[in-house]
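Enquirer: Data file run_34.csv (CSV, C-alpha atoms) is appended below.
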```csv
chain,number,residue,atom,x,y,z
A,14,MET,CA,0.0,0.0,0.0
A,15,ARG,CA,1.4,3.3,-1.0
A,16,ILE,CA,2.6,5.8,1.5
A,17,ARG,CA,3.5,9.0,-0.3
A,18,ASP,CA,6.8,10.7,0.1
A,19,VAL,CA,5.9,12.7,3.2
A,20,LEU,CA,8.5,14.3,5.4
A,21,LEU,CA,7.4,14.0,9.1
A,22,GLY,CA,8.8,16.2,11.8
A,23,ALA,CA,10.1,14.6,15.0
A,24,LEU,CA,7.0,15.8,16.9
A,25,VAL,CA,4.5,14.6,14.4
A,26,SER,CA,1.6,12.5,15.5
A,27,TYR,CA,0.8,10.1,12.7
A,28,LEU,CA,-2.2,8.0,11.9
A,29,ILE,CA,-2.2,5.2,9.3
A,30,ILE,CA,-5.4,3.5,8.3
A,31,GLN,CA,-4.8,0.5,6.1
A,32,ASN,CA,-7.4,-1.6,4.3
A,33,VAL,CA,-6.5,-4.5,2.1
A,34,CYS,CA,-8.3,-7.3,0.4
A,35,VAL,CA,-9.9,-10.1,2.4
A,36,ALA,CA,-7.0,-12.4,2.3
A,37,ASN,CA,-3.8,-13.3,4.1
A,38,ALA,CA,-2.3,-10.0,5.1
A,39,SER,CA,1.3,-11.2,5.6
A,40,ARG,CA,1.9,-11.8,1.9
A,41,VAL,CA,1.0,-9.6,-0.8
A,42,LEU,CA,1.5,-6.1,-0.3
A,43,GLN,CA,4.0,-5.2,-3.1
A,44,LYS,CA,6.5,-2.4,-2.4
A,45,SER,CA,6.6,0.7,-4.7
A,46,GLN,CA,8.8,3.7,-5.3
A,47,PHE,CA,6.5,5.7,-3.1
A,48,PHE,CA,7.6,3.6,-0.2
A,49,ALA,CA,11.2,3.7,-1.3
A,50,ASN,CA,10.9,7.5,-1.2
A,51,PHE,CA,9.2,7.5,2.1
A,52,LEU,CA,11.9,5.2,3.5
A,53,GLN,CA,14.7,7.5,2.3
A,54,SER,CA,13.0,10.7,3.5
A,55,ASN,CA,14.7,12.8,6.2
A,56,ASN,CA,13.4,15.6,8.3
A,57,ASN,CA,15.6,18.5,6.9
A,58,GLY,CA,13.6,21.7,6.8
A,59,ILE,CA,10.6,20.3,8.7
A,60,SER,CA,9.6,22.2,11.8
A,61,ASN,CA,8.8,20.1,14.9
A,62,ASN,CA,5.5,21.8,15.4
A,63,GLY,CA,3.4,18.7,16.3
A,64,THR,CA,1.6,18.6,12.9
A,65,LYS,CA,-0.8,15.7,12.6
A,66,TRP,CA,-0.8,13.6,9.4
A,67,ALA,CA,-3.1,10.8,8.3
A,68,VAL,CA,-2.4,8.3,5.6
A,69,LEU,CA,-5.4,6.5,4.3
A,70,VAL,CA,-4.4,3.4,2.3
A,71,ALA,CA,-6.5,1.0,0.3
A,72,GLY,CA,-4.7,-2.1,-0.9
A,73,SER,CA,-7.3,-3.6,-3.2
A,74,ASN,CA,-9.4,-2.5,-6.1
A,75,GLY,CA,-12.4,-3.6,-8.1
A,76,TRP,CA,-16.1,-3.6,-7.4
A,77,GLY,CA,-15.9,-6.7,-5.4
A,78,ASN,CA,-13.6,-4.9,-3.0
A,79,TYR,CA,-15.6,-1.7,-2.9
A,80,ARG,CA,-16.0,-1.9,0.9
A,81,HIS,CA,-12.3,-1.2,1.4
A,82,GLN,CA,-12.5,2.1,-0.6
A,83,ALA,CA,-15.7,2.9,1.4
A,84,ASP,CA,-14.0,2.3,4.7
A,85,VAL,CA,-11.2,4.7,3.7
A,86,CYS,CA,-13.6,7.4,2.5
A,87,HIS,CA,-15.5,7.0,5.8
A,88,ALA,CA,-12.2,7.6,7.7
A,89,TYR,CA,-11.6,10.7,5.6
A,90,GLN,CA,-15.0,12.1,6.6
A,91,ILE,CA,-14.2,11.5,10.3
A,92,LEU,CA,-10.8,13.2,10.0
A,93,LYS,CA,-12.4,16.2,8.3
A,94,LYS,CA,-15.1,16.4,10.9
A,95,SER,CA,-12.4,16.4,13.6
A,96,GLY,CA,-10.7,19.4,12.0
A,97,MET,CA,-7.8,17.9,10.1
A,98,LYS,CA,-6.8,19.8,7.0
A,99,ASP,CA,-6.9,18.3,3.5
A,100,GLU,CA,-3.2,19.0,3.0
A,101,ASN,CA,-2.5,16.7,6.0
A,102,ILE,CA,-4.6,13.8,4.7
A,103,ILE,CA,-3.1,11.5,2.1
A,104,MET,CA,-5.3,8.9,0.3
A,105,ILE,CA,-3.5,6.3,-1.7
A,106,TYR,CA,-3.5,2.8,-3.1
A,107,GLU,CA,-0.4,0.6,-2.3
A,108,GLN,CA,0.7,-2.9,-1.4
A,109,LEU,CA,3.7,-4.2,0.6
A,110,TYR,CA,5.0,-7.2,2.5
A,111,ALA,CA,4.9,-7.4,6.3
A,112,ASN,CA,8.7,-7.3,6.7
A,113,ASP,CA,8.9,-4.2,4.4
A,114,LEU,CA,6.3,-2.4,6.4
A,115,ASN,CA,8.0,-3.1,9.8
A,116,ASP,CA,11.4,-2.2,8.4
A,117,ILE,CA,10.0,1.1,7.2
A,118,LEU,CA,8.5,1.9,10.6
A,119,LYS,CA,11.8,1.0,12.3
A,120,LYS,CA,13.9,3.2,10.0
A,121,LYS,CA,11.4,6.1,10.2
A,122,HIS,CA,11.6,5.9,14.0
A,123,GLU,CA,15.4,5.9,13.9
A,124,ALA,CA,15.3,9.0,11.7
A,125,ASN,CA,12.9,10.7,14.1
A,126,GLY,CA,10.3,10.7,11.4
A,127,TYR,CA,7.4,10.8,13.8
A,128,LYS,CA,6.6,11.3,17.5
A,129,SER,CA,3.9,8.6,17.7
A,130,LEU,CA,2.0,6.5,15.2
A,131,VAL,CA,-1.4,4.8,15.4
A,132,PHE,CA,-2.1,2.0,12.8
A,133,TYR,CA,-5.6,0.5,12.0
A,134,LEU,CA,-5.3,-2.5,9.7
A,135,GLU,CA,-8.2,-4.4,8.1
A,136,ALA,CA,-7.4,-7.7,6.4
A,137,CYS,CA,-7.8,-11.4,6.9
A,138,GLU,CA,-4.9,-12.7,9.0
A,139,SER,CA,-4.0,-9.1,9.6
A,140,GLY,CA,-2.3,-9.9,12.8
A,141,SER,CA,0.4,-11.6,10.7
A,142,MET,CA,1.5,-8.1,9.6
A,143,PHE,CA,2.8,-7.3,13.1
A,144,GLN,CA,3.0,-10.6,15.1
A,145,GLY,CA,6.7,-11.2,16.0
A,146,LEU,CA,7.7,-8.3,13.8
A,147,LEU,CA,6.6,-4.9,15.3
A,148,PRO,CA,8.8,-3.8,18.2
A,149,SER,CA,7.2,-2.3,21.3
A,150,ASN,CA,9.8,0.5,21.6
A,151,ILE,CA,9.4,2.5,18.4
A,152,ASN,CA,6.2,4.5,19.4
A,153,VAL,CA,3.9,2.6,17.1
A,154,TYR,CA,0.5,1.3,18.4
A,155,ALA,CA,-1.4,-0.9,16.0
A,156,THR,CA,-4.7,-2.7,16.1
A,157,THR,CA,-5.8,-5.3,13.5
A,158,ALA,CA,-9.1,-6.8,12.4
A,159,SER,CA,-8.1,-10.3,13.2
A,160,ASN,CA,-5.3,-12.4,14.7
A,161,ALA,CA,-2.6,-14.0,12.5
A,162,THR,CA,-4.6,-17.0,11.4
A,163,GLU,CA,-8.2,-16.1,11.0
A,164,ASP,CA,-10.4,-14.3,8.5
A,165,SER,CA,-11.8,-10.8,9.0
A,166,TRP,CA,-15.4,-10.2,7.7
A,167,ALA,CA,-17.3,-7.9,5.4
A,168,GLU,CA,-20.5,-6.1,6.6
A,169,TYR,CA,-23.4,-4.3,5.1
A,170,CYS,CA,-23.6,-6.9,2.4
A,171,PRO,CA,-26.4,-7.7,-0.1
A,172,ASN,CA,-29.4,-9.1,1.8
A,173,PHE,CA,-27.8,-8.1,5.0
A,174,ASP,CA,-28.3,-4.3,5.6
A,175,ALA,CA,-27.0,-3.2,2.2
A,176,PRO,CA,-29.5,-1.3,-0.1
A,177,GLN,CA,-31.0,-3.6,-2.7
A,178,GLU,CA,-29.3,-1.8,-5.6
A,179,TYR,CA,-25.9,-2.9,-4.5
A,180,ASP,CA,-24.5,-6.3,-5.2
A,181,THR,CA,-21.3,-5.9,-3.2
A,182,CYS,CA,-20.6,-5.3,0.5
A,183,LEU,CA,-20.3,-1.7,1.7
A,184,GLY,CA,-18.0,-2.1,4.7
A,185,ASP,CA,-15.8,-4.4,6.8
A,186,LEU,CA,-16.9,-5.4,10.3
A,187,TYR,CA,-13.7,-4.2,12.1
A,188,SER,CA,-13.5,-1.0,10.1
A,189,ILE,CA,-17.1,0.0,10.5
A,190,SER,CA,-16.8,-0.9,14.2
A,191,TRP,CA,-14.1,1.7,14.9
A,192,LEU,CA,-15.3,4.2,12.4
A,193,GLU,CA,-18.9,4.2,13.7
A,194,ASP,CA,-17.4,4.3,17.2
A,195,CYS,CA,-15.7,7.6,16.2
A,196,ASP,CA,-19.0,8.8,14.8
A,197,MET,CA,-21.0,8.0,18.0
A,198,ASN,CA,-18.5,9.0,20.7
A,199,ASP,CA,-16.5,12.1,21.7
A,200,VAL,CA,-13.1,11.6,20.3
A,201,GLY,CA,-11.9,14.3,22.6
A,202,SER,CA,-12.5,12.1,25.6
A,203,GLU,CA,-12.5,8.5,24.4
A,204,THR,CA,-9.1,6.8,24.6
A,205,LEU,CA,-7.5,4.4,22.2
A,206,GLN,CA,-7.8,1.6,24.8
A,207,GLN,CA,-11.5,2.3,25.4
A,208,GLN,CA,-12.1,2.2,21.6
A,209,TYR,CA,-10.2,-1.0,21.3
A,210,GLU,CA,-12.4,-2.7,24.0
A,211,SER,CA,-15.5,-1.5,22.2
A,212,VAL,CA,-14.4,-2.6,18.8
A,213,ARG,CA,-13.0,-5.9,20.1
A,214,LYS,CA,-16.4,-6.7,21.6
A,215,ARG,CA,-18.5,-5.7,18.5
A,216,THR,CA,-16.2,-7.6,16.1
A,217,LEU,CA,-16.1,-10.7,18.3
A,218,GLU,CA,-19.9,-10.7,18.4
A,219,GLY,CA,-19.8,-11.0,14.7
A,220,THR,CA,-21.9,-10.3,11.6
A,221,VAL,CA,-25.5,-11.2,11.0
A,222,PHE,CA,-24.2,-14.2,9.1
A,223,ASN,CA,-22.0,-15.4,12.0
A,224,GLY,CA,-18.6,-14.1,10.9
A,225,SER,CA,-16.4,-12.9,13.8
A,226,SER,CA,-12.7,-12.3,14.5
A,227,HIS,CA,-10.4,-11.4,17.4
A,228,VAL,CA,-9.2,-7.8,17.2
A,229,MET,CA,-5.6,-7.5,18.3
A,230,GLN,CA,-3.2,-4.9,19.7
A,231,TYR,CA,0.5,-4.7,18.8
A,232,GLY,CA,3.5,-2.5,19.5
A,233,ASP,CA,3.7,0.2,22.2
A,234,MET,CA,0.8,0.1,24.6
A,235,SER,CA,2.1,3.0,26.7
A,236,PHE,CA,0.0,5.6,24.8
A,237,SER,CA,-3.2,3.6,24.5
A,238,GLY,CA,-4.5,5.9,27.2
A,239,ASN,CA,-4.3,8.9,24.7
A,240,VAL,CA,-7.6,10.3,23.6
A,241,LEU,CA,-8.5,9.7,19.9
A,242,SER,CA,-8.3,13.4,19.1
A,243,VAL,CA,-4.5,13.3,19.5
A,244,TYR,CA,-4.5,11.5,16.2
A,245,LEU,CA,-7.8,12.3,14.5
A,246,GLY,CA,-7.8,16.1,14.8
A,247,ASP,CA,-7.8,19.0,17.2
A,248,ASN,CA,-11.5,20.1,16.9
A,249,PRO,CA,-13.6,17.0,17.5
A,250,SER,CA,-17.3,17.5,16.5
A,251,PRO,CA,-20.2,16.4,18.7
A,252,PRO,CA,-21.1,12.7,18.3
A,253,THR,CA,-23.5,11.8,15.6
A,254,THR,CA,-25.7,8.8,14.9
A,255,THR,CA,-25.7,6.8,11.6
A,256,THR,CA,-28.7,5.7,9.7
A,257,LYS,CA,-29.0,2.9,7.2
A,258,SER,CA,-30.4,3.7,3.8
A,259,SER,CA,-32.8,1.5,1.9
A,260,SER,CA,-34.1,1.2,-1.7
A,261,ASN,CA,-36.4,-0.8,-3.8
A,262,VAL,CA,-34.1,-0.8,-6.9
A,263,VAL,CA,-33.4,-4.2,-8.2
A,264,PRO,CA,-29.7,-5.2,-9.0
A,265,GLN,CA,-28.7,-6.3,-12.4
A,266,ARG,CA,-28.7,-10.0,-11.6
A,267,ASP,CA,-27.4,-11.2,-15.0
A,268,ALA,CA,-24.2,-9.2,-14.6
A,269,ALA,CA,-23.9,-10.5,-11.0
A,270,LEU,CA,-24.3,-14.1,-12.2
A,271,LYS,CA,-21.6,-13.7,-14.9
A,272,LYS,CA,-19.2,-12.3,-12.3
A,273,LEU,CA,-20.1,-15.2,-10.0
A,274,SER,CA,-19.5,-17.8,-12.7
A,275,ASP,CA,-16.1,-16.3,-13.5
A,276,GLU,CA,-15.1,-16.1,-9.9
A,277,LEU,CA,-16.1,-19.7,-9.1
A,278,ALA,CA,-14.1,-20.9,-12.1
A,279,HIS,CA,-11.0,-18.9,-10.9
A,280,ARG,CA,-11.3,-20.2,-7.4
A,281,GLU,CA,-11.6,-23.8,-8.6
A,282,HIS,CA,-8.3,-23.3,-10.6
A,283,VAL,CA,-6.5,-21.8,-7.7
A,284,ASP,CA,-7.7,-24.5,-5.2
A,285,TYR,CA,-6.6,-27.2,-7.6
A,286,SER,CA,-3.3,-25.8,-8.6
A,287,ILE,CA,-2.1,-24.9,-5.1
A,288,ASN,CA,-3.0,-28.3,-3.8
A,289,GLN,CA,-1.5,-30.1,-6.8
A,290,ILE,CA,1.8,-28.2,-6.4
A,291,GLY,CA,1.9,-29.2,-2.8
A,292,LYS,CA,1.3,-32.9,-3.6
A,293,LEU,CA,4.0,-32.8,-6.3
A,294,LEU,CA,6.5,-31.3,-3.9
A,295,LEU,CA,5.8,-33.1,-0.7
A,296,GLY,CA,3.6,-36.1,-1.6
A,297,HIS,CA,-0.1,-36.3,-0.6
A,298,HIS,CA,0.3,-37.2,3.1
A,299,ASP,CA,3.1,-34.7,3.7
A,300,HIS,CA,1.3,-32.0,1.9
A,301,GLN,CA,-1.7,-32.3,4.1
A,302,ASN,CA,0.5,-32.1,7.2
A,303,GLY,CA,3.3,-29.8,5.9
A,304,PHE,CA,2.2,-26.8,3.7
A,305,LYS,CA,-0.9,-26.4,5.8
A,306,ASN,CA,0.9,-26.3,9.2
A,307,LEU,CA,1.0,-22.8,10.7
A,308,ARG,CA,3.7,-21.6,13.1
A,309,SER,CA,3.1,-21.2,16.8
A,310,SER,CA,1.7,-17.9,18.2
A,311,GLY,CA,4.2,-15.1,18.3
A,312,GLN,CA,6.3,-16.3,15.3
A,313,PRO,CA,6.4,-14.6,11.9
A,314,LEU,CA,4.8,-16.8,9.2
A,315,VAL,CA,8.0,-17.0,7.3
A,316,ASP,CA,11.8,-16.7,7.9
A,317,ASP,CA,12.8,-15.8,4.3
A,318,TRP,CA,10.6,-13.1,3.0
A,319,ASP,CA,12.5,-12.9,-0.3
A,320,CYS,CA,11.7,-16.6,-0.8
A,321,LEU,CA,8.0,-15.9,-0.2
A,322,LYS,CA,7.9,-13.1,-2.7
A,323,THR,CA,9.8,-15.1,-5.3
A,324,LEU,CA,7.5,-18.2,-4.9
A,325,VAL,CA,4.4,-16.0,-5.2
A,326,LYS,CA,5.8,-14.5,-8.5
A,327,THR,CA,6.7,-18.0,-9.7
A,328,TYR,CA,3.2,-19.3,-9.2
A,329,GLU,CA,1.7,-16.3,-10.9
A,330,LYS,CA,4.1,-16.7,-13.8
A,331,TYR,CA,3.0,-20.2,-14.6
A,332,CYS,CA,-0.5,-20.5,-13.1
A,333,GLY,CA,-1.9,-17.0,-13.3
A,334,SER,CA,-2.8,-14.4,-10.7
A,335,LEU,CA,-3.7,-15.5,-7.2
A,336,SER,CA,-6.1,-12.6,-7.0
A,337,THR,CA,-8.0,-11.7,-3.9
A,338,TYR,CA,-9.2,-15.2,-3.3
A,339,GLY,CA,-5.9,-16.9,-3.8
A,340,LEU,CA,-4.1,-14.7,-1.3
A,341,LYS,CA,-5.4,-17.0,1.4
A,342,TYR,CA,-2.8,-19.6,0.2
A,343,THR,CA,0.2,-17.4,0.8
A,344,GLY,CA,0.5,-18.9,4.2
A,345,GLU,CA,1.0,-22.3,2.6
A,346,ILE,CA,3.5,-20.8,0.1
A,347,ALA,CA,5.3,-19.4,3.1
A,348,ASN,CA,5.4,-22.9,4.6
A,349,ALA,CA,7.0,-24.1,1.4
A,350,CYS,CA,9.8,-21.7,2.1
A,351,ASN,CA,10.0,-22.8,5.7
A,352,ALA,CA,10.2,-26.4,4.5
A,353,GLY,CA,13.2,-25.6,2.3
A,354,ILE,CA,11.5,-25.9,-1.1
A,355,THR,CA,13.7,-24.2,-3.7
A,356,VAL,CA,12.5,-21.8,-6.5
A,357,ASP,CA,13.5,-24.3,-9.1
A,358,GLN,CA,11.5,-27.1,-7.4
A,359,PHE,CA,8.5,-24.8,-7.0
A,360,ALA,CA,8.7,-23.7,-10.6
A,361,ALA,CA,8.9,-27.2,-11.9
A,362,ALA,CA,5.8,-28.2,-9.9
A,363,SER,CA,4.0,-25.1,-11.1
A,364,ILE,CA,4.8,-25.8,-14.8
A,365,GLN,CA,3.7,-29.5,-14.4
A,366,THR,CA,0.5,-28.4,-12.8
A,367,CYS,CA,-0.6,-25.4,-14.9
A,368,SER,CA,0.9,-26.1,-18.4
```
Could I get this structure in the form of structure tokens?
Expert:
Amino acid sequence: MRIRDVLLGALVSYLIIQNVCVANASRVLQKSQFFANFLQSNNNGISNNGTKWAVLVAGSNGWGNYRHQADVCHAYQILKKSGMKDENIIMIYEQLYANDLNDILKKKHEANGYKSLVFYLEACESGSMFQGLLPSNINVYATTASNATEDSWAEYCPNFDAPQEYDTCLGDLYSISWLEDCDMNDVGSETLQQQYESVRKRTLEGTVFNGSSHVMQYGDMSFSGNVLSVYLGDNPSPPTTTTKSSSNVVPQRDAALKKLSDELAHREHVDYSINQIGKLLLGHHDHQNGFKNLRSSGQPLVDDWDCLKTLVKTYEKYCGSLSTYGLKYTGEIANACNAGITVDQFAAASIQTCS
């Protein structure tokens, strides 16, 4: 997910809101020149005046992932309502890997690139972006939609609170939980910890179709007692209530069915190819007990991040894009690296499976 080339003073309070596709967060977030610029930025000429910055990042695209864009736009409205200026709000699309993200945070801290930083992350297995990777001493506090091994969930979906004219979900459970919490409470008095407890409870209760996840905290807990307005803006507005819209417009079902047919065919291909590659590399029994094994709590999902990136690219070279759905298999690809599978071995299995 892109973070623009922003020079942050040493006394800057910094908020990052990151929404990615519903899939394994630890994998796919490809680094760009924007992040390279951000990483190389220094603070020359920047006054330490306590300026607040917000970076709103959407790491997915397409109508099927509309909810991520909607979450980011909702966050923008909250920031504006709280008095943050447009020139201090950056809205971008970017992707990166967990190790890249945490390396960037460490280097920006070493360069006094921020005073304190709050990170909201929405994704399946989003805890894997920080578990075992985010230090507790670099003034970064992060919350995630789920732990390192479970899905996060969409909300306001067709037939479940979304207006009838929409054939896609309009929000994500964790994201709307903290966003609507900001709408309904005084951000000048509610603390990060109080919000975390409220969001954790609502997200654990789940959606109307029984999806739930465990919201997690990572990093520096020492400033979880700070009120939200420290990061959201200096002029918090009075709390508001949200209302759900409704409509009698009928969606274009034929278009939806075509998209569904294409998506099902793609998922079948990804399921088959990943499983077949695993069988070729490890054998049927070992595949079931090897690639699918997850590491114990507190460990990063992979030791060699370059291996993970290379194997993902290798799969996509010979078998096609993983896409949003296939990203759930990056945990298994990570386990291939952990098992010592080489790039040549993985490539040969991919060619045999997908040619």
Enquirer: Calculated over all atoms listed in the file, which of the candidates A:Arg213, A:Arg280, A:His87, A:Lys65 has the smallest distance to Asn160 in chain A?
Expert: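 Ranked by minimum distance to Asn160 in chain A, first place goes to A:Arg213.
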Enquirer: Suppose you want the space between CA of Gly201 in chain A and CA of Lys93 in chain A; what is it in Å?
Expert: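 CA of Gly201 in chain A sits 14.4 Å away from CA of Lys93 in chain A.
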Enquirer: Tell me which protein, DNA and RNA residues are within 9 Å of Ile91 in chain A, counting only C-alpha atoms, leaving out same-chain ones fewer than 3 positions away, and put them as an NGL selection string.
Expert: :A and (86-88 or 94-96 or 192 or 195-196 or 245)
Enquirer: Within 12 Å of (0.7, -1.5, 19.4), in the coordinates the file gives, what residues turn up when you count all atoms listed in the file, written out as a ChimeraX atom specification?
Expert: /A:129-134,140,142-157,205-206,209,228-238
Enquirer: Quote the spacing between CA of Ser211 in chain A and CA of Trp191 in chain A in Å to one decimal place.
Expert: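 That distance, rounded to one decimal, is 8.1 Å.
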Enquirer: Tell me, in Å to one decimal, how far CA of Glu203 in chain A is from CA of Ala158 in chain A.
Expert: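 These atoms are spaced 19.7 Å apart.
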Enquirer: Of the residues A:Asn101, A:Gln177, A:Ser188, A:Ser165, which is the one nearest to His81 in chain A, using all atoms listed in the file?
Expert: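 Among A:Asn101, A:Gln177, A:Ser188, A:Ser165, it is A:Ser188 that comes nearest to His81 in chain A.
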Enquirer: Which of these, A:Arg80, A:Lys292, A:His282, A:His227, has the shortest distance to Tyr169 in chain A once you count all atoms listed in the file?
Expert: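 The shortest atom-to-atom distance to Tyr169 in chain A comes from A:Arg80.
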